$ cat work09.cif   # mmCIF, C-alpha atoms
data_work
loop_
_atom_site.label_atom_id
_atom_site.label_comp_id
_atom_site.auth_asym_id
_atom_site.auth_seq_id
_atom_site.Cartn_x
_atom_site.Cartn_y
_atom_site.Cartn_z
CA MET A 855 59.00 -16.82 -10.72
CA GLY A 856 61.14 -14.54 -12.87
CA ILE A 857 62.21 -10.98 -12.45
CA ARG A 858 59.17 -9.53 -14.24
CA ASN A 859 56.69 -11.49 -12.10
CA ALA A 860 58.55 -10.61 -8.91
CA ARG A 861 58.37 -6.91 -9.74
CA ALA A 862 54.65 -7.17 -10.46
CA ALA A 863 54.07 -8.91 -7.15
CA ALA A 864 56.04 -6.27 -5.26
CA ALA A 865 54.08 -3.49 -6.93
CA ALA A 866 50.83 -5.14 -6.00
CA VAL A 867 51.92 -5.44 -2.39
CA GLY A 868 52.94 -1.75 -2.39
CA LEU A 869 49.57 -0.69 -3.78
CA GLY A 870 47.85 -2.78 -1.15
CA ILE A 871 49.82 -1.15 1.66
CA CYS A 872 49.06 2.33 0.34
CA PHE A 873 45.37 1.49 0.04
CA ALA A 874 45.38 0.13 3.57
CA LEU A 875 47.04 3.31 4.87
CA ILE A 876 44.49 5.50 3.09
CA VAL A 877 41.62 3.46 4.51
CA ALA A 878 43.15 3.45 8.00
CA ALA A 879 43.97 7.20 7.99
CA PRO A 880 41.75 9.23 10.37
CA ALA A 881 39.13 11.48 8.85
CA PHE A 882 39.74 15.23 8.92
CA ALA A 883 38.18 17.00 11.90
CA GLU A 884 34.79 18.49 11.15
CA THR A 885 34.58 22.27 10.96
CA GLY A 886 31.69 24.59 11.54
CA GLY A 887 31.15 28.22 12.36
CA ILE A 888 29.17 30.86 14.20
CA SER A 889 27.39 34.01 13.15
CA GLY A 890 25.37 36.83 14.65
CA ARG A 891 24.76 40.56 14.69
CA VAL A 892 26.17 43.40 16.80
CA VAL A 893 23.72 46.17 17.61
CA ASP A 894 23.33 49.25 19.77
CA ALA A 895 21.54 48.23 22.97
CA GLU A 896 19.25 51.29 22.93
CA GLU A 897 18.63 52.02 19.27
CA ILE A 898 18.88 48.41 17.98
CA GLU A 899 20.94 49.64 15.04
CA GLY A 900 23.84 47.67 13.64
CA VAL A 901 27.34 48.55 14.85
CA GLY A 902 29.71 48.00 11.95
CA GLY A 903 33.47 47.75 12.40
CA THR A 904 33.19 45.72 15.60
CA GLU A 905 35.98 43.16 15.96
CA VAL A 906 34.47 39.79 16.85
CA CYS A 907 36.94 37.15 18.08
CA ALA A 908 36.30 33.46 18.75
CA GLU A 909 38.92 32.27 21.21
CA ALA A 910 39.32 28.48 21.35
CA MET A 911 39.22 26.98 24.82
CA PRO A 912 41.48 24.06 25.88
CA PRO A 913 42.33 21.57 24.54
CA LEU A 914 42.11 23.71 21.40
CA GLU A 915 44.21 26.83 20.97
CA GLY A 916 44.15 29.97 18.87
CA LYS A 917 41.84 32.84 18.08
CA THR A 918 39.94 33.76 14.94
CA CYS A 919 38.72 37.33 14.43
CA VAL A 920 36.50 39.06 11.88
CA GLU A 921 34.96 42.52 11.57
CA SER A 922 31.23 43.12 11.54
CA GLU A 923 29.64 44.61 8.44
CA GLY A 924 27.84 47.94 8.34
CA SER A 925 24.62 46.18 9.35
CA GLY A 926 26.41 44.69 12.35
CA ALA A 927 26.30 41.15 10.90
CA TYR A 928 29.34 38.89 11.17
CA GLU A 929 30.26 35.30 10.33
CA ILE A 930 33.22 33.20 11.49
CA PRO A 931 33.49 29.99 9.40
CA GLY A 932 36.06 27.19 9.50
CA LEU A 933 36.16 26.62 13.25
CA LEU A 934 37.10 23.20 14.57
CA GLU A 935 34.64 21.43 16.83
CA GLY A 936 34.99 22.62 20.42
CA HIS A 937 34.13 25.41 22.80
CA TYR A 938 34.86 29.07 22.15
CA ARG A 939 34.72 32.37 24.02
CA LEU A 940 33.31 35.26 21.98
CA HIS A 941 34.66 38.76 22.48
CA PHE A 942 33.18 41.90 20.91
CA GLN A 943 35.56 44.87 20.68
CA PRO A 944 33.76 48.08 19.54
CA PRO A 945 35.30 50.33 16.90
CA PRO A 946 37.96 52.76 18.25
CA GLY A 947 36.69 56.13 19.37
CA THR A 948 33.16 54.96 20.13
CA ARG A 949 31.40 55.12 23.47
CA TYR A 950 30.60 51.41 23.54
CA LEU A 951 32.01 48.98 26.07
CA PRO A 952 33.80 45.76 25.07
CA GLN A 953 31.65 42.75 25.78
CA TYR A 954 31.78 38.96 25.98
CA TYR A 955 29.02 36.58 25.01
CA LYS A 956 26.54 36.46 26.63
CA HIS A 957 26.31 40.12 27.77
CA SER A 958 29.27 39.91 30.15
CA TYR A 959 31.96 42.54 30.68
CA PHE A 960 34.51 40.08 32.06
CA ALA A 961 36.18 37.06 30.47
CA ALA A 962 35.80 35.04 33.66
CA THR A 963 32.00 35.24 33.50
CA ALA A 964 31.61 34.76 29.73
CA ARG A 965 29.34 31.99 28.44
CA LEU A 966 31.12 29.58 26.10
CA VAL A 967 29.76 28.73 22.65
CA GLN A 968 29.88 25.15 21.36
CA VAL A 969 30.83 24.68 17.70
CA ASN A 970 30.00 21.52 15.74
CA GLU A 971 29.99 20.69 12.02
CA GLU A 972 27.25 23.23 11.30
CA MET A 973 27.12 27.01 10.98
CA ARG A 974 25.35 28.14 14.14
CA SER A 975 23.67 31.53 14.23
CA GLY A 976 22.19 33.89 16.81
CA PHE A 977 25.36 34.75 18.74
CA GLY A 978 24.96 38.50 18.77
CA ALA A 979 25.76 41.31 21.14
CA SER A 980 23.91 44.42 22.32
CA LEU A 981 26.61 46.98 23.01
CA GLU A 982 26.04 49.50 25.78
CA ALA A 983 27.67 52.86 26.28
CA GLY A 984 29.96 53.16 29.27
CA GLY A 985 29.71 55.71 32.02
CA TRP A 986 32.48 57.91 33.38
CA VAL A 987 33.59 59.22 36.76
CA THR A 988 34.98 62.68 37.47
CA GLY A 989 36.30 64.40 40.56
CA LYS A 990 39.00 66.47 42.21
CA VAL A 991 41.76 65.65 44.67
CA THR A 992 43.12 68.18 47.16
CA ASP A 993 45.02 68.19 50.42
CA THR A 994 43.29 68.88 53.72
CA VAL A 995 43.53 72.66 53.25
CA GLY A 996 42.08 72.59 49.74
CA THR A 997 45.24 72.80 47.62
CA ALA A 998 44.91 70.85 44.36
CA LEU A 999 47.07 67.74 44.03
CA GLY A 1000 48.30 66.67 40.60
CA GLY A 1001 49.84 63.30 39.79
CA ILE A 1002 47.54 61.35 42.13
CA GLU A 1003 46.51 57.90 40.88
CA VAL A 1004 42.77 57.26 41.06
CA CYS A 1005 41.54 53.67 40.70
CA VAL A 1006 37.91 52.58 40.68
CA SER A 1007 36.88 48.95 41.14
CA ASP A 1008 33.59 47.10 41.07
CA ARG A 1009 32.46 46.42 44.61
CA LEU A 1010 30.65 43.19 43.68
CA ILE A 1011 33.52 41.77 41.61
CA PRO A 1012 36.71 43.17 43.20
CA ASP A 1013 39.00 40.45 41.80
CA LEU A 1014 38.39 41.51 38.21
CA GLY A 1015 40.70 44.50 38.36
CA SER A 1016 40.39 48.27 38.39
CA ARG A 1017 40.32 51.11 35.91
CA CYS A 1018 42.72 53.90 36.79
CA GLY A 1019 43.51 57.47 35.86
CA GLU A 1020 45.67 60.32 37.14
CA THR A 1021 44.89 63.82 38.31
CA GLU A 1022 46.23 66.73 36.30
CA VAL A 1023 47.83 69.83 37.76
CA ARG A 1024 44.46 71.25 38.89
CA GLY A 1025 43.68 68.04 40.75
CA MET A 1026 40.96 67.04 38.26
CA TYR A 1027 40.59 63.55 36.79
CA GLU A 1028 38.25 61.53 34.57
CA ILE A 1029 37.93 57.75 34.17
CA GLU A 1030 35.91 56.56 31.17
CA HIS A 1031 34.36 53.37 29.76
CA LEU A 1032 32.97 52.01 33.01
CA PRO A 1033 30.33 49.27 32.93
CA PRO A 1034 27.21 49.86 35.05
CA GLY A 1035 27.73 48.83 38.65
CA GLN A 1036 28.59 49.80 42.21
CA TYR A 1037 32.09 51.14 42.66
CA LYS A 1038 34.61 52.35 45.19
CA ALA A 1039 37.56 54.67 44.50
CA ARG A 1040 41.09 54.68 45.92
CA PHE A 1041 43.46 57.66 45.73
CA SER A 1042 47.22 57.22 46.13
CA ALA A 1043 50.55 58.90 45.35
CA PRO A 1044 54.13 57.67 44.90
CA GLU A 1045 55.79 56.95 48.24
CA SER A 1046 58.35 59.70 47.67
CA ARG A 1047 55.63 62.38 47.89
CA SER A 1048 54.60 61.44 51.45
CA ILE A 1049 50.89 61.75 50.69
CA PHE A 1050 48.69 59.26 52.50
CA ALA A 1051 46.33 57.13 50.43
CA GLY A 1052 42.60 57.43 50.96
CA TYR A 1053 39.22 56.29 49.70
CA PHE A 1054 36.19 58.14 48.46
CA GLY A 1055 34.10 59.15 51.44
CA GLY A 1056 37.12 59.52 53.71
CA GLY A 1057 39.15 56.99 55.61
CA SER A 1058 42.35 55.15 54.81
CA GLN A 1059 40.94 51.61 54.93
CA GLU A 1060 39.01 49.84 52.19
CA GLU A 1061 36.19 48.92 54.54
CA ASP A 1062 35.62 52.64 55.15
CA ALA A 1063 35.17 53.41 51.44
CA GLN A 1064 31.87 54.93 50.36
CA GLU A 1065 30.24 53.29 47.36
CA PHE A 1066 28.84 55.07 44.32
CA VAL A 1067 26.83 53.94 41.30
CA VAL A 1068 27.76 54.20 37.62
CA GLN A 1069 24.78 53.72 35.36
CA GLY A 1070 24.67 53.85 31.56
CA TYR A 1071 26.13 56.59 29.40
CA ASN A 1072 26.19 59.16 32.20
CA GLU A 1073 28.69 61.10 34.26
CA THR A 1074 29.11 60.29 37.93
CA PRO A 1075 30.56 63.57 39.25
CA ASP A 1076 32.09 64.76 42.52
CA ILE A 1077 33.98 61.59 43.39
CA ASP A 1078 36.46 63.72 45.30
CA ALA A 1079 39.12 63.14 47.92
CA SER A 1080 40.98 65.18 50.52
CA LEU A 1081 44.33 63.55 51.28
CA GLU A 1082 46.59 64.06 54.25
CA LEU A 1083 50.09 65.33 53.57
CA GLY A 1084 52.95 63.81 55.51
CA ALA A 1085 56.58 64.51 56.30
CA THR A 1086 59.83 63.12 54.88
CA ILE A 1087 63.10 62.95 56.79
CA GLU A 1088 66.30 62.62 54.78
CA GLY A 1089 70.02 63.06 55.13
CA THR A 1090 73.44 61.48 54.67
CA VAL A 1091 75.31 58.93 56.76
CA THR A 1092 79.12 59.07 56.68
CA GLU A 1093 82.03 57.69 58.67
CA ALA A 1094 83.38 60.02 61.34
CA GLY A 1095 86.86 61.29 60.57
CA THR A 1096 86.98 60.11 56.95
CA GLY A 1097 83.68 61.40 55.58
CA THR A 1098 83.22 58.16 53.61
CA PRO A 1099 79.54 57.60 52.65
CA LEU A 1100 78.10 54.54 54.39
CA ALA A 1101 75.63 52.21 52.69
CA GLY A 1102 73.22 49.82 54.40
CA ILE A 1103 72.93 51.76 57.67
CA TRP A 1104 69.46 51.49 59.21
CA VAL A 1105 67.94 54.86 60.05
CA CYS A 1106 64.69 54.95 62.01
CA ALA A 1107 62.16 57.58 63.04
CA LEU A 1108 61.17 56.79 66.63
CA ALA A 1109 58.34 58.08 68.79
CA PRO A 1110 59.85 60.61 71.25
CA VAL A 1111 58.45 59.15 74.48
CA SER A 1112 58.06 55.42 73.90
CA GLY A 1113 60.86 54.91 71.40
CA PHE A 1114 58.39 53.03 69.20
CA GLU A 1115 59.73 52.44 65.70
CA VAL A 1116 57.50 54.37 63.29
CA ARG A 1117 59.34 53.93 59.98
CA CYS A 1118 62.86 53.00 58.90
CA ALA A 1119 65.01 53.09 55.79
CA ALA A 1120 68.49 51.92 54.82
CA SER A 1121 71.12 54.29 53.50
CA ARG A 1122 72.00 53.92 49.83
CA ALA A 1123 75.41 53.56 48.16
CA ASN A 1124 76.00 57.32 48.36
CA GLY A 1125 75.11 57.36 52.05
CA ARG A 1126 71.77 59.08 51.43
CA TYR A 1127 68.56 57.90 53.12
CA SER A 1128 64.92 58.98 52.96
CA ILE A 1129 62.14 58.08 55.39
CA TYR A 1130 58.85 58.72 53.62
CA GLY A 1131 55.23 58.75 54.75
CA LEU A 1132 55.49 60.09 58.29
CA HIS A 1133 52.55 61.75 59.96
CA VAL A 1134 53.41 65.25 61.09
CA GLY A 1135 54.80 65.44 64.61
CA GLY A 1136 58.03 65.04 66.55
CA TYR A 1137 60.55 62.23 65.98
CA VAL A 1138 63.81 60.95 67.38
CA VAL A 1139 66.02 59.92 64.45
CA ALA A 1140 68.24 56.94 65.24
CA PHE A 1141 71.18 55.62 63.19
CA SER A 1142 72.65 52.11 63.18
CA VAL A 1143 69.93 50.65 65.39
CA SER A 1144 67.92 47.45 65.26
CA ALA A 1145 64.94 47.75 62.91
CA THR A 1146 62.19 45.76 61.23
CA ALA A 1147 62.89 45.11 57.56
CA ILE A 1148 60.22 46.85 55.50
CA GLU A 1149 59.73 44.04 52.96
CA THR A 1150 59.98 40.94 55.18
CA GLY A 1151 58.93 42.26 58.58
CA VAL A 1152 61.91 40.47 60.16
CA ARG A 1153 63.77 42.17 62.99
CA ILE A 1154 67.32 43.09 61.98
CA GLU A 1155 70.12 43.76 64.44
CA PRO A 1156 72.84 46.11 63.14
CA GLU A 1157 76.06 44.32 62.25
CA ASP A 1158 77.62 47.21 60.41
CA GLY A 1159 80.39 47.73 62.96
CA PHE A 1160 79.26 51.24 63.95
CA ALA A 1161 78.02 52.58 67.27
CA SER A 1162 74.38 53.65 67.44
CA GLN A 1163 73.78 57.36 67.27
CA TYR A 1164 70.78 59.66 67.67
CA TYR A 1165 69.77 63.01 66.22
CA GLU A 1166 72.47 65.69 66.50
CA GLY A 1167 75.17 63.24 67.52
CA GLU A 1168 73.73 62.06 70.84
CA PRO A 1169 74.84 58.57 72.01
CA THR A 1170 71.61 57.50 73.75
CA PHE A 1171 67.88 57.71 73.19
CA ALA A 1172 67.41 59.53 76.52
CA ALA A 1173 69.78 62.29 75.46
CA ALA A 1174 68.48 62.55 71.88
CA LYS A 1175 66.88 65.73 70.62
CA VAL A 1176 63.45 65.62 69.05
CA LEU A 1177 63.12 66.66 65.41
CA ASP A 1178 60.12 68.94 65.01
CA ALA A 1179 58.26 67.80 61.87
CA SER A 1180 54.95 69.37 62.81
CA THR A 1181 54.15 70.65 59.31
CA PRO A 1182 54.08 68.67 56.05
CA GLY A 1183 57.24 68.79 53.97
CA VAL A 1184 60.77 67.51 53.58
CA TYR A 1185 63.15 67.78 56.54
CA GLY A 1186 66.62 67.49 55.06
CA ASP A 1187 70.19 67.50 56.30
CA VAL A 1188 69.41 65.17 59.18
CA ASP A 1189 72.90 63.68 58.95
CA ALA A 1190 75.07 61.44 61.04
CA GLN A 1191 78.81 60.78 61.31
CA LEU A 1192 79.19 57.29 62.76
CA THR A 1193 82.12 55.91 64.71
CA ARG A 1194 83.33 52.35 64.35
CA VAL A 1195 83.07 50.07 67.37
CA PRO A 1196 86.47 48.61 68.40
CA PRO A 1197 86.42 44.79 68.28
CA ALA A 1198 86.27 42.89 71.56
CA PRO A 1199 89.60 41.54 72.88
CA GLY A 1200 90.51 38.37 70.99
CA ALA A 1201 87.91 38.94 68.28
CA GLU A 1202 88.80 39.26 64.62
CA PRO A 1203 89.04 42.95 63.72
CA LEU A 1204 86.53 44.26 61.23
CA PRO A 1205 87.88 44.66 57.69
CA GLY A 1206 88.86 48.23 56.93
CA SER A 1207 88.92 49.32 60.58
CA ILE A 1208 91.66 51.45 62.13
CA VAL A 1209 92.58 48.59 64.44
CA CYS A 1210 92.99 46.31 61.45
CA GLY A 1211 95.33 48.84 59.79
CA GLN A 1212 97.49 49.13 62.92
CA HIS A 1213 97.68 45.35 63.21
CA LEU A 1214 98.85 45.08 59.61
CA ARG A 1215 101.53 47.74 60.09
CA LYS A 1216 102.91 45.91 63.17
CA ARG A 1217 103.24 42.72 61.14
CA LEU A 1218 105.06 44.52 58.37
CA VAL A 1219 107.54 46.12 60.79
CA LYS A 1220 108.20 42.82 62.49
CA GLY A 1221 108.95 41.13 59.19
CA LYS A 1222 111.03 44.12 57.97
CA ARG A 1223 109.21 44.18 54.63
#
$ encode --input "work09.cif" --output "structure tokens"
Amino acid sequence: MGIRNARAAAAAVGLGICFALIVAAPAFAETGGISGRVVDAEEIEGVGGTEVCAEAMPPLEGKTCVESEGSGAYEIPGLLEGHYRLHFQPPPGTRYLPQYYKHSYFAATARLVQVNEEMRSGFGASLEAGGWVTGKVTDTVGTALGGIEVCVSDRLIPDLGSRCGETEVRGMYEIEHLPPGQYKARFSAPESRSIFAGYFGGGSQEEDAQEFVVQGYNETPDIDASLELGATIEGTVTEAGTGTPLAGIWVCALAPVSGFEVRCAASRANGRYSIYGLHVGGYVVAFSVSATAIETGVRIEPEDGFASQYYEGEPTFAAAKVLDASTPGVYGDVDAQLTRVPPAPGAEPLPGSIVCGQHLRKRLVKGKR
């Protein structure tokens, strides 16, 4: 056929393959878009500067955002076919609430928008102003409490989270940007402050919480709370004779008559312990005793090698003195110096014990080393 003819034939075959690939190649996915207008719900005026985001739902991914014009109009072109969730984020510093299409305050209840090869219009939003809640938190004698966390949650949709704030030094707080609805409020403090949590209307349980209504751009005042102050017992656990700080020793506050375990804590690396959140009253403080683990609820028997001890060095619960914690506050210097328990005959001595040291010295003497 000749070299020239062979080359021509090969070129023709190559062009045919390329043409076939072009014909067989899939068409590009169609794109479309959505548009609408963001307005004030009361005055029907455009709200410019609103960030409008179209978030693609699976199997698509990604998010496309634009900003509304001064008239409130927006347009998001170039979206692949699929379903999208629209989110309207008002300009910073405004009183408007973020919103999802169609007039939902929560992503879980948003209505999805379907995009095809056309530009679809009419996907607007009427932004509403949020309400706010104010109040004051005190203790039971009326003293203001600062640093208390206040969280309000929608009674009808409790799984959608809470909005929280914190009281300032005068006990006052304010929580803004709340959608209209029925709410309940919870007041709590860090465990180390021994202040018992409570709900608006009194009570320590959620079912006892009193509801209140937030409606429109209005203040809901006097969502107050009076919280009970508790007692904290703390001290240091060391080894008798050596003064070595002991870690991991269970310390429990027991009821004076029944011996019921109220609360327990484990000593830290420096031997310090703190039992927070005790109601005022009398307690027997017990060291190196069986206790229920706070996190797991499992009963733990002491295997620390030390004899149990009670407040002011007493060896038994019957002989223990009662710590008077009848007023709120911190009761410090409730210390203990624990004595190691000698191992039973034939048992392996505990590492670091006096018995173990004597045993080692006898071996060294015998071997004359």
$ atom_distance --input "work09.cif" --atom1 "atom CA of Ile1103 of chain A" --atom2 "atom CA of Arg1126 of chain A"
9.7 Å
$ closest_residue --input "work09.cif" --among "A:Ser1112, A:Thr988, A:Ser1016, A:Gln1064" --to "Val1138 of chain A" --atoms "all atoms listed in the file"
A:Ser1112
$ atom_distance --input "work09.cif" --atom1 "atom CA of Gln943 of chain A" --atom2 "atom CA of Ser975 of chain A"
19.0 Å
$ residues_around --input "work09.cif" --residues "Ala998 of chain A" --least-positions-apart "2" --cutoff "8 Å" --atoms "only C-alpha atoms" --output "count of residues only"
9
$ resolve_selection --input "work09.cif" --expression "the PyMOL selection byres ((chain A and resi 1086) around 7)" --output "PyMOL selection string"
chain A and resi 1048+1084-1085+1087-1088+1128-1132+1183-1185
$ resolve_selection --input "work09.cif" --expression "the PyMOL selection byres ((chain A and resi 980) around 9)" --output "list in words"
Arg891, Val892, Val893, Asp894, Ala895, Glu896, Ile898, Gln953, His957, Gly978, Ala979, Leu981 and Glu982 of chain A
$ closest_residue --input "work09.cif" --among "A:Phe1041, A:Tyr1127, A:Tyr1053, A:Phe1160" --to "Glu1093 of chain A" --atoms "all atoms listed in the file"
A:Phe1160
$ residues_around --input "work09.cif" --residues "Leu1108 of chain A" --least-positions-apart "3" --cutoff "6 Å" --atoms "all atoms listed in the file" --output "number ranges by chain"
A: 1113-1116, 1137-1138
$ closest_residue --input "work09.cif" --among "A:Tyr954, A:Tyr928, A:Phe1054, A:Tyr1037" --to "Leu940 of chain A" --atoms "only C-alpha atoms"
A:Tyr954
$ residues_near_point --input "work09.cif" --point "(36.3, 49.5, 18.3)" --cutoff "7 Å" --atoms "all atoms listed in the file" --output "PyMOL selection string"
chain A and resi 903-905+943-948
$ atom_distance --input "work09.cif" --atom1 "atom CA of Glu972 of chain A" --atom2 "atom CA of Ser889 of chain A"
10.9 Å
$ closest_residue --input "work09.cif" --among "A:Glu899, A:Glu909, A:Glu1060, A:Glu1168" --to "Gly924 of chain A" --atoms "all atoms listed in the file"
A:Glu899
$ resolve_selection --input "work09.cif" --expression "the PyMOL selection byres ((chain A and resi 1161) around 9)" --output "MDAnalysis selection string"
chainID A and resid 1141:1143 1158:1160 1162:1163 1169 1192:1195
$ residues_around --input "work09.cif" --residues "Ala962 of chain A" --least-positions-apart "3" --cutoff "12 Å" --atoms "all atoms listed in the file" --output "number ranges by chain"
A: 939-941, 953-956, 958-959, 965-966, 1011, 1013-1015
$ residues_near_point --input "work09.cif" --point "(34.7, 58.3, 45.3)" --cutoff "10 Å" --atoms "all atoms listed in the file" --output "PyMOL selection string"
chain A and resi 987-990+1004-1006+1037-1041+1052-1056+1063-1067+1074-1079
$ closest_residue --input "work09.cif" --among "A:Thr1150, A:Ala1179, A:Glu1082, A:Ala983" --to "Val995 of chain A" --atoms "only C-alpha atoms"
A:Glu1082
